[in-house]
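What follows is the content of work10.txt (compact mmCIF, C-alpha atoms).
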# COMPACT_ATOMS: atom_id res chain seq x y z
CA MET A 416 -2.25 34.49 -10.69
CA PRO A 417 -4.61 31.61 -10.06
CA SER A 418 -8.10 32.50 -8.91
CA GLY A 419 -9.32 31.69 -5.41
CA ARG A 420 -11.10 28.56 -6.59
CA GLU A 421 -8.09 27.44 -8.65
CA SER A 422 -5.88 27.82 -5.58
CA SER A 423 -8.30 25.81 -3.47
CA VAL A 424 -8.48 23.03 -6.06
CA LEU A 425 -4.69 22.92 -6.36
CA ALA A 426 -4.27 22.86 -2.59
CA LEU A 427 -6.74 19.99 -2.31
CA MET A 428 -4.87 18.01 -4.92
CA LEU A 429 -1.37 18.66 -3.57
CA PHE A 430 -1.75 18.59 0.19
CA ARG A 431 -1.46 15.22 1.78
CA ARG A 432 -4.41 14.40 3.97
CA GLY A 433 -3.89 11.37 6.10
CA ARG A 434 -1.43 9.33 4.10
CA ARG A 435 -2.33 10.38 0.61
CA PRO A 436 -2.44 13.43 -1.58
CA GLY A 437 -5.09 14.03 -4.22
CA ALA A 438 -8.75 14.93 -4.05
CA TYR A 439 -11.97 13.19 -4.93
CA MET A 440 -13.73 14.62 -7.94
CA SER A 441 -16.81 15.16 -5.78
CA GLU A 442 -14.80 17.44 -3.48
CA LEU A 443 -13.66 19.50 -6.44
CA GLU A 444 -17.24 19.73 -7.68
CA ASP A 445 -18.28 21.09 -4.30
CA ILE A 446 -15.78 23.92 -4.70
CA CYS A 447 -16.19 24.68 -8.39
CA GLY A 448 -19.77 23.71 -9.14
CA ASP A 449 -20.59 23.93 -12.84
CA ASP A 450 -17.25 25.64 -13.63
CA LEU A 451 -15.23 22.56 -12.73
CA GLU A 452 -14.11 21.66 -16.25
CA GLU A 453 -13.14 25.24 -17.02
CA ILE A 454 -11.11 25.54 -13.82
CA LEU A 455 -9.43 22.18 -14.37
CA ASP A 456 -8.49 23.18 -17.92
CA GLY A 457 -6.90 26.38 -16.61
CA LEU A 458 -4.96 24.42 -14.01
CA ARG A 459 -3.85 21.86 -16.60
CA ARG A 460 -2.26 24.64 -18.63
CA ARG A 461 -0.47 26.07 -15.61
CA LEU A 462 0.75 22.64 -14.48
CA ASP A 463 1.89 21.87 -18.01
CA ASP A 464 4.21 24.88 -17.89
CA LEU A 465 5.80 23.35 -14.80
CA GLY A 466 6.22 19.90 -16.32
CA LEU A 467 3.33 18.48 -14.30
CA GLU A 468 0.02 16.93 -15.24
CA MET A 469 -3.23 15.88 -13.62
CA VAL A 470 -4.17 12.23 -13.53
CA THR A 471 -7.48 10.70 -12.53
CA ILE A 472 -7.81 7.18 -11.22
CA ASP A 473 -10.76 5.06 -10.30
CA ASP A 474 -10.18 4.70 -6.58
CA ARG A 475 -11.66 1.33 -5.78
CA GLY A 476 -10.10 -0.59 -2.94
CA ASP A 477 -12.51 -3.46 -3.33
CA MET A 478 -13.78 -5.14 -6.48
CA VAL A 479 -17.22 -5.29 -4.93
CA LYS A 480 -17.60 -1.56 -4.35
CA GLU A 481 -18.16 1.18 -6.87
CA GLY A 482 -15.07 3.31 -7.41
CA LYS A 483 -14.73 7.05 -6.89
CA LYS A 484 -12.68 9.30 -9.16
CA ARG A 485 -9.63 10.75 -7.46
CA VAL A 486 -7.39 13.39 -9.01
CA PHE A 487 -3.64 13.67 -8.42
CA VAL A 488 -0.81 15.83 -9.74
CA ARG A 489 2.22 14.00 -11.06
CA ALA A 490 5.37 14.61 -13.12
CA ARG A 491 4.52 14.69 -16.82
CA SER A 492 7.69 13.01 -17.98
CA SER A 493 8.98 9.78 -16.54
CA LEU A 494 11.83 9.74 -14.11
CA ARG A 495 15.32 9.98 -15.54
CA LYS A 496 18.00 7.74 -14.09
CA LYS A 497 20.01 10.64 -12.75
CA ASP A 498 16.91 11.91 -10.89
CA VAL A 499 16.19 8.62 -9.15
CA LYS A 500 17.48 9.93 -5.83
CA LEU A 501 14.92 12.74 -5.93
CA CYS A 502 11.96 10.39 -5.71
CA GLY A 503 12.94 9.35 -2.20
CA TRP A 504 13.13 5.59 -2.69
CA ASP A 505 16.36 3.66 -2.63
CA ARG A 506 17.39 1.54 -5.60
CA ARG A 507 16.65 -1.70 -3.79
CA PHE A 508 13.06 -0.66 -3.19
CA LEU A 509 12.67 0.54 -6.78
CA ALA A 510 13.95 -2.85 -7.97
CA ALA A 511 11.34 -4.60 -5.81
CA LEU A 512 8.67 -2.24 -7.10
CA ALA A 513 9.76 -2.83 -10.70
CA ALA A 514 9.62 -6.64 -10.41
CA THR A 515 6.30 -6.57 -8.55
CA THR A 516 4.53 -4.13 -10.84
CA CYS A 517 5.79 -5.90 -13.98
CA PHE A 518 4.37 -9.16 -12.69
CA LEU A 519 1.09 -7.71 -11.44
CA THR A 520 0.60 -5.80 -14.68
CA SER A 521 1.04 -9.05 -16.59
CA ARG A 522 -1.65 -10.58 -14.37
CA GLY A 523 -4.18 -7.82 -14.94
CA GLY A 524 -3.27 -6.00 -11.72
CA ARG A 525 -3.68 -8.72 -9.10
CA ALA A 526 -2.01 -11.94 -8.04
CA ARG A 527 -1.61 -14.14 -5.02
CA GLU A 528 0.95 -12.87 -2.52
CA ALA A 529 2.83 -16.19 -2.55
CA GLU A 530 3.47 -15.77 -6.27
CA VAL A 531 4.79 -12.24 -5.80
CA VAL A 532 7.06 -13.48 -3.01
CA ASP A 533 8.41 -16.16 -5.38
CA ILE A 534 9.07 -13.56 -8.07
CA LEU A 535 10.96 -11.36 -5.62
CA LYS A 536 12.98 -14.35 -4.44
CA THR A 537 14.14 -15.08 -7.97
CA LYS A 538 15.57 -11.56 -8.05
CA GLY A 539 17.16 -11.89 -4.59
CA ILE A 540 14.83 -9.34 -3.03
CA SER A 541 13.43 -9.71 0.48
CA SER A 542 9.68 -10.19 0.75
CA LYS A 543 9.71 -7.54 3.51
CA LYS A 544 9.63 -4.97 0.73
CA ILE A 545 6.00 -5.97 0.19
CA GLU A 546 5.10 -4.41 3.54
CA THR A 547 6.76 -1.14 2.50
CA MET A 548 4.85 -1.19 -0.79
CA LEU A 549 1.61 -1.76 1.11
CA GLU A 550 2.32 1.13 3.49
CA ALA A 551 3.24 3.47 0.65
CA GLY A 552 0.01 2.72 -1.21
CA TYR A 553 1.54 0.87 -4.16
CA LEU A 554 -0.19 -2.37 -3.23
CA SER A 555 -3.26 -3.46 -1.36
CA ARG A 556 -3.79 -6.82 0.23
CA ASP A 557 -7.09 -8.64 0.48
CA ASP A 558 -7.40 -12.23 1.60
CA GLY A 559 -3.91 -13.22 0.44
CA VAL A 560 -4.21 -11.43 -2.89
CA LEU A 561 -2.08 -8.40 -3.79
CA SER A 562 -3.43 -5.75 -6.13
CA LEU A 563 -2.01 -2.56 -7.55
CA SER A 564 -3.30 0.21 -5.33
CA TRP A 565 -3.95 3.95 -5.69
CA ARG A 566 -0.33 5.10 -5.82
CA ALA A 567 0.69 2.52 -8.41
CA LEU A 568 -2.34 3.37 -10.54
CA ALA A 569 -1.53 7.09 -10.32
CA GLU A 570 2.25 6.93 -10.77
CA ILE A 571 2.83 4.03 -13.13
CA ASP A 572 1.83 4.23 -16.74
CA GLN A 573 0.76 0.61 -17.07
CA GLU A 574 0.31 0.65 -20.84
CA ARG A 575 3.83 1.91 -21.28
CA LEU A 576 5.22 -0.54 -18.76
CA LYS A 577 3.49 -3.38 -20.60
CA SER A 578 4.80 -2.25 -23.96
CA LEU A 579 8.33 -1.99 -22.60
CA PHE A 580 7.98 -5.37 -20.94
CA VAL A 581 6.71 -7.06 -24.08
CA ALA A 582 9.57 -5.56 -26.07
CA SER A 583 12.20 -6.42 -23.47
CA GLY A 584 14.52 -9.31 -24.22
CA VAL A 585 13.49 -9.12 -27.89
CA ARG A 586 15.00 -5.84 -28.89
CA LEU A 587 15.49 -3.98 -25.67
CA GLY A 588 16.88 -0.58 -26.49
CA GLU A 589 15.16 -0.32 -29.88
CA GLU A 590 11.64 -0.18 -28.49
CA GLU A 591 12.00 3.44 -27.43
CA ASN A 592 10.96 4.77 -30.83
CA GLY A 593 8.02 2.47 -31.23
CA ALA A 594 6.70 2.74 -27.70
CA ARG A 595 3.38 4.34 -27.09
CA PRO A 596 3.71 7.93 -25.87
CA ASN A 597 2.54 8.93 -22.42
CA PRO A 598 -1.10 9.97 -22.19
CA MET B 695 -36.88 -22.20 4.81
CA ILE B 696 -37.68 -22.55 1.14
CA LEU B 697 -34.03 -22.52 0.32
CA ALA B 698 -33.03 -25.45 2.48
CA GLU B 699 -32.45 -27.65 -0.55
CA LEU B 700 -30.78 -24.85 -2.51
CA GLY B 701 -28.66 -23.39 0.29
CA ASP B 702 -25.66 -25.51 -0.59
CA GLN B 703 -25.83 -24.37 -4.22
CA LEU B 704 -25.84 -20.74 -3.12
CA ARG B 705 -22.89 -21.28 -0.80
CA GLU B 706 -20.97 -23.07 -3.54
CA GLY B 707 -21.70 -20.13 -5.85
CA ILE B 708 -20.38 -17.67 -3.25
CA ASP B 709 -17.22 -19.74 -2.81
CA ALA B 710 -16.65 -19.92 -6.59
CA CYS B 711 -16.97 -16.13 -6.88
CA LYS B 712 -14.63 -15.61 -3.96
CA GLN B 713 -12.04 -17.87 -5.59
CA ALA B 714 -12.14 -15.76 -8.74
CA LEU B 715 -11.93 -12.53 -6.76
CA ARG B 716 -8.95 -13.88 -4.85
CA GLY B 717 -7.21 -14.74 -8.11
CA GLU B 718 -7.21 -18.48 -7.40
CA VAL B 719 -9.16 -19.25 -10.58
CA LEU B 720 -9.51 -17.19 -13.73
CA PRO B 721 -12.71 -15.09 -13.75
CA HIS B 722 -14.19 -16.77 -16.83
CA GLU B 723 -13.98 -20.17 -15.14
CA VAL B 724 -16.94 -19.19 -12.97
CA ASP B 725 -20.29 -19.99 -14.60
CA THR B 726 -21.89 -16.67 -13.79
CA TRP B 727 -24.84 -17.26 -16.13
CA ALA B 728 -25.88 -20.40 -14.22
CA LEU B 729 -25.59 -18.52 -10.94
CA TRP B 730 -27.69 -15.69 -12.33
CA GLU B 731 -30.42 -18.13 -13.39
CA LEU B 732 -30.36 -19.70 -9.94
CA LEU B 733 -30.81 -16.31 -8.31
CA SER B 734 -33.52 -15.08 -10.67
CA GLY B 735 -35.56 -18.19 -10.00
CA LEU B 736 -35.43 -17.62 -6.26
CA SER B 737 -36.16 -13.92 -6.03
CA GLU B 738 -39.92 -14.37 -5.63
CA ARG B 739 -39.75 -17.32 -3.28
CA ILE B 740 -37.63 -16.26 -0.32
CA THR B 741 -39.16 -14.88 2.87
CA ASP B 742 -36.72 -15.84 5.63
CA THR B 743 -34.12 -13.23 6.76
CA GLY B 744 -31.28 -15.76 6.64
CA ASP B 745 -32.22 -16.68 3.09
CA HIS B 746 -32.32 -13.01 2.13
CA LEU B 747 -28.80 -12.63 3.50
CA LEU B 748 -27.50 -15.61 1.54
CA TYR B 749 -29.26 -14.38 -1.61
CA ALA B 750 -27.85 -10.85 -1.24
CA SER B 751 -24.37 -12.15 -0.54
CA LEU B 752 -24.33 -14.27 -3.69
CA MET B 753 -25.74 -11.37 -5.71
CA ARG B 754 -23.01 -9.04 -4.43
CA HIS B 755 -20.21 -11.48 -5.24
CA LEU B 756 -21.74 -12.31 -8.60
CA VAL B 757 -21.76 -8.64 -9.59
CA ALA B 758 -18.11 -8.30 -8.57
CA THR B 759 -17.18 -11.43 -10.53
CA ILE B 760 -18.95 -10.22 -13.67
CA ARG B 761 -17.13 -6.90 -13.35
CA LEU B 762 -13.86 -8.81 -13.05
CA GLN B 763 -14.76 -10.88 -16.12
CA CYS B 764 -15.32 -7.66 -18.08
CA GLU B 765 -11.94 -6.33 -17.03
CA TRP B 766 -10.26 -9.64 -17.77
CA LEU B 767 -11.84 -9.81 -21.21
CA ARG B 768 -10.69 -6.27 -21.97
CA TYR B 769 -7.22 -7.13 -20.72
CA GLU B 770 -6.94 -10.34 -22.75
CA ALA B 771 -8.14 -8.54 -25.85
CA ASP B 772 -5.39 -5.98 -25.39
CA GLU B 773 -2.71 -6.18 -28.05
CA LEU B 774 -0.17 -6.12 -25.24
CA TYR B 775 -1.63 -9.08 -23.40
CA VAL B 776 1.15 -10.78 -21.51
CA ASP B 777 0.84 -14.41 -20.61
CA SER B 778 1.49 -14.57 -16.89
CA ASP B 779 3.62 -17.73 -17.03
CA ALA B 780 5.76 -16.21 -19.76
CA ALA B 781 5.94 -13.02 -17.72
CA ARG B 782 7.19 -14.92 -14.69
CA GLY B 783 9.96 -16.52 -16.75
CA LYS B 784 10.88 -13.23 -18.36
CA ILE B 785 11.13 -11.41 -15.03
CA ALA B 786 13.34 -14.20 -13.72
CA SER B 787 15.65 -14.02 -16.73
CA LEU B 788 15.90 -10.23 -17.11
CA PRO B 789 18.71 -8.47 -15.23
CA LEU B 790 17.42 -6.34 -12.37
CA SER B 791 18.92 -3.23 -13.95
CA ASP B 792 16.79 -3.77 -17.08
CA LEU B 793 13.67 -4.15 -14.96
CA VAL B 794 14.42 -0.97 -13.04
CA SER B 795 15.22 0.91 -16.22
CA MET B 796 11.95 -0.24 -17.77
CA PHE B 797 10.05 0.72 -14.65
CA LEU B 798 11.58 4.19 -14.44
CA ARG B 799 10.52 4.94 -18.00
CA SER B 800 6.90 4.43 -16.99
CA TYR B 801 7.16 6.02 -13.57
CA HIS B 802 5.72 9.49 -12.91
CA PRO B 803 6.12 10.39 -9.25
CA LEU B 804 3.22 12.14 -7.56
CA MET B 805 3.63 15.69 -6.36
CA GLU B 806 2.49 16.19 -2.82
CA ILE B 807 2.91 18.71 -0.06
CA GLU B 808 2.90 17.75 3.56
CA GLN B 809 0.96 20.23 5.63
CA ILE B 810 1.56 21.18 9.19
CA ASN B 811 -1.06 22.46 11.57
CA ASN B 812 -0.80 24.26 14.91
CA LYS B 813 -1.06 21.06 16.89
CA ALA B 814 1.67 19.30 14.88
CA LEU B 815 3.89 22.37 15.20
CA THR B 816 3.42 22.47 18.99
CA MET B 817 4.11 18.74 19.27
CA GLY B 818 7.27 19.15 17.19
CA ARG B 819 8.56 22.02 19.35
CA GLU B 820 7.86 20.02 22.49
CA HIS B 821 9.70 17.01 21.05
CA TRP B 822 12.81 19.04 20.28
CA ARG B 823 12.65 20.82 23.64
CA ARG B 824 12.68 17.47 25.42
CA LEU B 825 15.49 16.19 23.27
CA GLY B 826 17.53 19.26 24.13
CA GLY B 827 16.94 18.86 27.87
CA GLU B 828 14.62 20.62 30.28
CA HIS B 829 16.37 23.98 30.24
CA SER B 830 14.77 27.34 29.87
CA GLU B 831 14.73 29.18 26.59
CA ASP B 832 17.34 31.76 27.60
CA GLU B 833 19.91 29.00 27.84
CA GLU B 834 21.62 27.71 24.78
CA LEU B 835 23.08 24.30 24.19
CA PRO B 836 26.84 23.96 24.70
CA GLY B 837 28.63 25.36 21.71
CA GLU B 838 31.75 23.32 22.30
CA PHE B 839 32.54 19.97 23.84
CA LEU B 840 35.78 18.69 25.25
CA ARG B 841 35.45 14.95 25.72
CA TYR B 842 38.23 13.23 27.61
CA THR B 843 38.23 9.46 27.48
CA LEU B 844 41.14 7.05 27.58
CA ASP B 845 40.83 6.40 23.84
CA SER B 846 40.21 9.93 22.68
CA ASP B 847 42.92 12.16 21.26
CA ALA B 848 42.13 14.78 23.89
CA GLY B 849 42.50 12.22 26.69
CA ARG B 850 45.74 10.84 25.28
CA SER B 851 47.24 14.30 24.87
CA VAL B 852 46.60 15.04 28.54
CA LEU B 853 47.80 11.66 29.80
CA ASN B 854 50.94 11.73 27.68
CA GLN B 855 52.07 15.11 28.87
CA PRO B 856 55.20 14.72 31.02
CA GLN B 857 53.80 17.16 33.54
CA PHE B 858 50.58 15.19 34.05
CA GLY B 859 51.79 13.83 37.40
CA GLU B 860 52.80 17.34 38.49
CA LEU B 861 49.38 18.58 37.41
CA LEU B 862 47.71 15.98 39.60
CA ASP B 863 49.89 16.90 42.56
CA SER B 864 49.28 20.61 42.14
CA VAL B 865 45.52 20.20 41.94
CA ASN B 866 45.60 17.91 44.96
CA SER B 867 47.69 20.27 47.03
CA GLU B 868 45.59 23.26 45.90
CA LEU B 869 42.50 21.54 47.19
CA SER B 870 44.22 20.62 50.45
CA GLN B 871 45.19 24.25 51.05
CA ALA B 872 41.89 25.75 49.95
CA SER B 873 39.61 23.38 51.84
CA GLY B 874 39.67 22.16 55.38
CA GLU B 875 37.99 19.09 56.79
CA GLU B 876 34.68 20.27 55.37
CA GLY B 877 35.94 20.22 51.81
CA MET B 878 35.11 22.62 49.01
CA GLY B 879 32.24 22.95 46.61
CA TYR B 880 32.95 20.94 43.48
CA GLY B 881 31.76 23.64 41.11
CA GLU B 882 33.65 26.40 42.93
CA PHE B 883 36.87 24.41 42.82
CA ILE B 884 36.94 23.41 39.18
CA THR B 885 35.91 26.89 38.00
CA ARG B 886 38.25 28.67 40.45
CA GLN B 887 35.13 30.23 41.95
CA GLY B 888 33.89 31.26 38.55
CA SER B 889 37.10 32.89 37.33
CA SER B 890 38.30 30.11 35.03
CA GLY B 891 37.46 29.84 31.35
CA PHE B 892 35.41 26.99 29.93
CA GLU B 893 38.40 24.99 28.72
CA GLU B 894 40.27 25.25 32.01
CA ALA B 895 37.13 24.20 33.94
CA VAL B 896 36.78 21.13 31.76
CA THR B 897 40.43 20.19 32.31
CA ARG B 898 40.20 20.68 36.09
CA GLY B 899 36.96 18.70 36.12
CA TYR B 900 38.74 15.89 34.34
CA ILE B 901 41.69 15.97 36.79
CA VAL B 902 39.32 15.94 39.78
CA SER B 903 37.40 13.06 38.28
CA PHE B 904 40.67 11.19 37.78
CA LEU B 905 41.80 11.84 41.36
CA ILE B 906 38.45 10.66 42.74
CA SER B 907 38.61 7.50 40.64
CA GLN B 908 42.12 6.86 42.00
CA GLY B 909 40.94 7.32 45.58
CA LYS B 910 42.97 10.48 46.21
CA LEU B 911 39.95 12.70 46.66
CA GLU B 912 36.66 12.12 48.40
CA TRP B 913 33.24 12.97 46.97
CA ILE B 914 30.59 14.11 49.44
CA GLU B 915 27.02 14.82 48.51
CA ASP B 916 24.62 16.32 51.05
CA GLU B 917 21.90 18.93 51.28
CA GLU B 918 24.48 21.70 50.73
CA GLY B 919 25.46 20.27 47.39
CA VAL B 920 28.46 18.37 46.11
CA ARG B 921 31.80 18.85 47.89
CA ILE B 922 35.23 17.35 47.40
CA ARG B 923 38.11 16.99 49.85
CA PRO B 924 41.39 15.06 50.09
CA ARG B 925 40.72 11.54 51.25
CA SER B 926 41.78 10.83 54.81
CA GLY B 927 43.41 7.39 55.19
CA GLN B 928 43.68 4.73 52.50
CA GLY B 929 39.96 4.34 51.75
CA ASN B 930 38.48 1.02 50.78
CA GLY B 931 40.46 0.76 47.54
CA GLU B 932 37.30 0.83 45.45
CA ILE B 933 37.61 2.59 42.10
CA GLN B 934 34.88 5.17 41.52
CA SER B 935 33.71 6.67 38.25
CA LEU B 936 32.58 10.26 38.07
CA PRO B 937 30.86 11.55 34.96
CA VAL B 938 31.36 15.26 34.38
CA ILE B 939 28.82 17.32 32.47
CA PHE B 940 29.28 20.98 31.61
CA ARG B 941 26.68 23.20 30.14
CA LYS B 942 27.80 26.53 28.81
CA THR B 943 25.04 29.09 29.28
CA ARG B 944 24.51 32.27 27.33
CA GLY B 945 26.87 35.02 28.50
CA ASP B 946 29.60 32.67 29.75
CA ASN B 947 33.06 33.15 28.39
For the file at hand, write its structure as structure tokens.
Amino acid sequence: MPSGRESSVLALMLFRRGRRPGAYMSELEDICGDDLEEILDGLRRRLDDLGLEMVTIDDRGDMVKEGKKRVFVRARSSLRKKDVKLCGWDRRFLAALAATTCFLTSRGGRAREAEVVDILKTKGISSKKIETMLEAGYLSRDDGVLSLSWRALAEIDQERLKSLFVASGVRLGEEENGARPNP
Amino acid sequence: MILAELGDQLREGIDACKQALRGEVLPHEVDTWALWELLSGLSERITDTGDHLLYASLMRHLVATIRLQCEWLRYEADELYVDSDAARGKIASLPLSDLVSMFLRSYHPLMEIEQINNKALTMGREHWRRLGGEHSEDEELPGEFLRYTLDSDAGRSVLNQPQFGELLDSVNSELSQASGEEGMGYGEFITRQGSSGFEEAVTRGYIVSFLISQGKLEWIEDEEGVRIRPRSGQGNGEIQSLPVIFRKTRGDN
């Protein structure tokens, strides 16, 4: 059984407040004090048994501001094709997300919106999907520039996506063995 | 205004930083060192509030641009650096299914639980209560519906019955015998004063509606309620429509 503080930490990370789940590291420190690392280690082990893991991102909506660490719980293994329906997004949206994140990742995480719209057009995808991605927290928009936002940073393993992207078209299908494992 | 002659340089610096932050130019194209030297030379000389604001604004954007340069440098040094023009061409040439497959292999959905509080629960109950109609809680929604329209199977089966005309005549004559000039309560008639079953009431309601629409019966609504009676004379020939709604309450058969 998890302790009272473990339960509180888990609840903070899992419950959605406003539009997003997760908790700031400072909130967890308020609950756990000096025992934070110990409690997080215990939770990591429990989550691991369930096929889940904790991930920390630098939550910085603006390049000018200092970021704050935010902790989320996510699936440890990537999504299998047969489980796609479980994630709640339709295939069309996932295709838009795939094209957009591949392009933004290749641009260091940010690009002008017009360029992203062009990319989507080449794949026959409506640019309206950008609004959905913004609402869901995958993208953020600032002065005509789109950046990967908190949900994309938490859910998408960018290193792996890059390695798959680099290998694609060259020997797609063989890269699986040589790809970098998930962190 | 010590900075009058340098104001334009500061504004140009701010614009250059903004361009880099917007992704319009690459971060290393901004000469951040020159901007830093400009700022460090001015720090002791400014006194005016407006100048302070301009100075602070450039400093803030300069810091952000240097941070972006660091990230860009780290990214370009990455062994997996992807040239953005090549990336654009590759995305265009790859089949969408390959892109999705690649994406799914790097996609780890977040786990989240939506919480509900007392207020949200109350609002939800109120929403469903309104959707279900303004009836009290001891009533239940109709468990069965018989919908008679011209196109529906139920409607066709009634209309195609050979005895449909006889049925109309019998209902008409029943009403004539049971009611005088005053007419009879609509609800009492179609339910046989409460003795009919649900299905029979629906059928009689449909027949009455049909007879009213054909001008055979008259529909009167006053303070006593809704009454029907056989129409005296030919009427004005106007076709009327009468919607019929039944609600089956708890305890009804």
Residues of chain B that have any atom at most 7 Å from an atom of chain A: could you tabulate them with the shortest-distance atom pair and the distance in Å to one decimal, using all atoms listed in the file, ordered by chain and increasing number, as JSON lines?
{"residue": "B:Arg716", "atom": "CA", "partner": "A:Val560", "partner_atom": "CA", "distance": 5.7}
{"residue": "B:Gly717", "atom": "CA", "partner": "A:Ala526", "partner_atom": "CA", "distance": 5.9}
{"residue": "B:Arg754", "atom": "CA", "partner": "A:Val479", "partner_atom": "CA", "distance": 6.9}
{"residue": "B:His755", "atom": "CA", "partner": "A:Val479", "partner_atom": "CA", "distance": 6.9}
{"residue": "B:Ala758", "atom": "CA", "partner": "A:Val479", "partner_atom": "CA", "distance": 4.8}
{"residue": "B:Trp766", "atom": "CA", "partner": "A:Gly523", "partner_atom": "CA", "distance": 6.9}
{"residue": "B:Tyr769", "atom": "CA", "partner": "A:Gly523", "partner_atom": "CA", "distance": 6.6}
{"residue": "B:Leu774", "atom": "CA", "partner": "A:Ser578", "partner_atom": "CA", "distance": 6.4}
{"residue": "B:Val776", "atom": "CA", "partner": "A:Ser521", "partner_atom": "CA", "distance": 5.2}
{"residue": "B:Asp777", "atom": "CA", "partner": "A:Ser521", "partner_atom": "CA", "distance": 6.7}
{"residue": "B:Ser778", "atom": "CA", "partner": "A:Ser521", "partner_atom": "CA", "distance": 5.5}
{"residue": "B:Ala781", "atom": "CA", "partner": "A:Ser521", "partner_atom": "CA", "distance": 6.4}
{"residue": "B:Arg782", "atom": "CA", "partner": "A:Phe518", "partner_atom": "CA", "distance": 6.7}
{"residue": "B:Ile785", "atom": "CA", "partner": "A:Ala514", "partner_atom": "CA", "distance": 6.8}
{"residue": "B:Ala786", "atom": "CA", "partner": "A:Thr537", "partner_atom": "CA", "distance": 5.9}
{"residue": "B:Leu790", "atom": "CA", "partner": "A:Ala510", "partner_atom": "CA", "distance": 6.6}
{"residue": "B:Leu793", "atom": "CA", "partner": "A:Ala513", "partner_atom": "CA", "distance": 5.9}
{"residue": "B:Val794", "atom": "CA", "partner": "A:Ala510", "partner_atom": "CA", "distance": 5.4}
{"residue": "B:Met796", "atom": "CA", "partner": "A:Leu579", "partner_atom": "CA", "distance": 6.3}
{"residue": "B:Phe797", "atom": "CA", "partner": "A:Ala513", "partner_atom": "CA", "distance": 5.3}
{"residue": "B:Leu798", "atom": "CA", "partner": "A:Leu494", "partner_atom": "CA", "distance": 5.6}
{"residue": "B:Arg799", "atom": "CA", "partner": "A:Ser493", "partner_atom": "CA", "distance": 5.3}
{"residue": "B:Ser800", "atom": "CA", "partner": "A:Asp572", "partner_atom": "CA", "distance": 5.1}
{"residue": "B:Tyr801", "atom": "CA", "partner": "A:Ile571", "partner_atom": "CA", "distance": 4.8}
{"residue": "B:His802", "atom": "CA", "partner": "A:Glu570", "partner_atom": "CA", "distance": 4.8}
{"residue": "B:Pro803", "atom": "CA", "partner": "A:Glu570", "partner_atom": "CA", "distance": 5.4}
{"residue": "B:Leu804", "atom": "CA", "partner": "A:Arg489", "partner_atom": "CA", "distance": 4.1}
{"residue": "B:Met805", "atom": "CA", "partner": "A:Arg489", "partner_atom": "CA", "distance": 5.2}
{"residue": "B:Glu806", "atom": "CA", "partner": "A:Leu429", "partner_atom": "CA", "distance": 4.6}
{"residue": "B:Ile807", "atom": "CA", "partner": "A:Phe430", "partner_atom": "CA", "distance": 4.7}
{"residue": "B:Glu808", "atom": "CA", "partner": "A:Arg431", "partner_atom": "CA", "distance": 5.3}
{"residue": "B:Gln809", "atom": "CA", "partner": "A:Phe430", "partner_atom": "CA", "distance": 6.3}
*Counting only C-alpha atoms, what is within 8 Å of range 747-749 of chain B, bar same-chain residues fewer than 6 positions away, as a list in words?*
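Within the cut-off, the hits are Gly701, Leu704, Arg705 and Leu733 of chain B.
Take CA of Ser791 in chain B and CA of Ser555 in chain A: the distance between them is 25.5 Å.
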*For Ala710 in chain B, list every protein, DNA or RNA residue within 10 Å, evaluated using all atoms listed in the file, and leave out those in the same chain fewer than 4 positions away; present the list as a VMD selection string.*
chain B and resid 704 to 706 714 to 716 718 to 719 721 723 to 726 752 755 to 756 759
*Near range 916-925 of chain B, within 7 Å and counting only C-alpha atoms, which residues show up once chain neighbours fewer than 3 positions away are dropped, as a list in words?*
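Skipping anything fewer than 3 positions along the chain leaves Leu869, Ser870, Ser873, Gly877, Met878, Gly879, Tyr880, Lys910, Leu911, Glu912 and Trp913 of chain B.
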*Quick one: distance from CA of Asp456 in chain A to CA of Ser422 in chain A in Å, one decimal?*
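Those two atoms sit 13.4 Å apart.
Between CA of Ile906 in chain B and CA of Ser864 in chain B the separation is 14.7 Å.
Closest approach to Ala529 in chain A from the set A:Met548, A:Asp473, A:Trp504, A:Arg556 is made by A:Arg556, with distances taken over all atoms listed in the file.
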Shell of 9 Å around range 883-888 of chain B, all atoms listed in the file, local chain residues under 5 positions omitted, as a PDB file with C-alpha atoms, in the frame of the given file:
ATOM      1  CA  LEU B 869      42.500  21.540  47.190  1.00  0.00           C
ATOM      2  CA  ALA B 872      41.890  25.750  49.950  1.00  0.00           C
ATOM      3  CA  MET B 878      35.110  22.620  49.010  1.00  0.00           C
ATOM      4  CA  GLU B 894      40.270  25.250  32.010  1.00  0.00           C
ATOM      5  CA  ALA B 895      37.130  24.200  33.940  1.00  0.00           C
ATOM      6  CA  VAL B 896      36.780  21.130  31.760  1.00  0.00           C
ATOM      7  CA  THR B 897      40.430  20.190  32.310  1.00  0.00           C
ATOM      8  CA  ARG B 898      40.200  20.680  36.090  1.00  0.00           C
ATOM      9  CA  GLY B 899      36.960  18.700  36.120  1.00  0.00           C
ATOM     10  CA  VAL B 902      39.320  15.940  39.780  1.00  0.00           C
ATOM     11  CA  ILE B 922      35.230  17.350  47.400  1.00  0.00           C
TER      12      ILE B 922
END
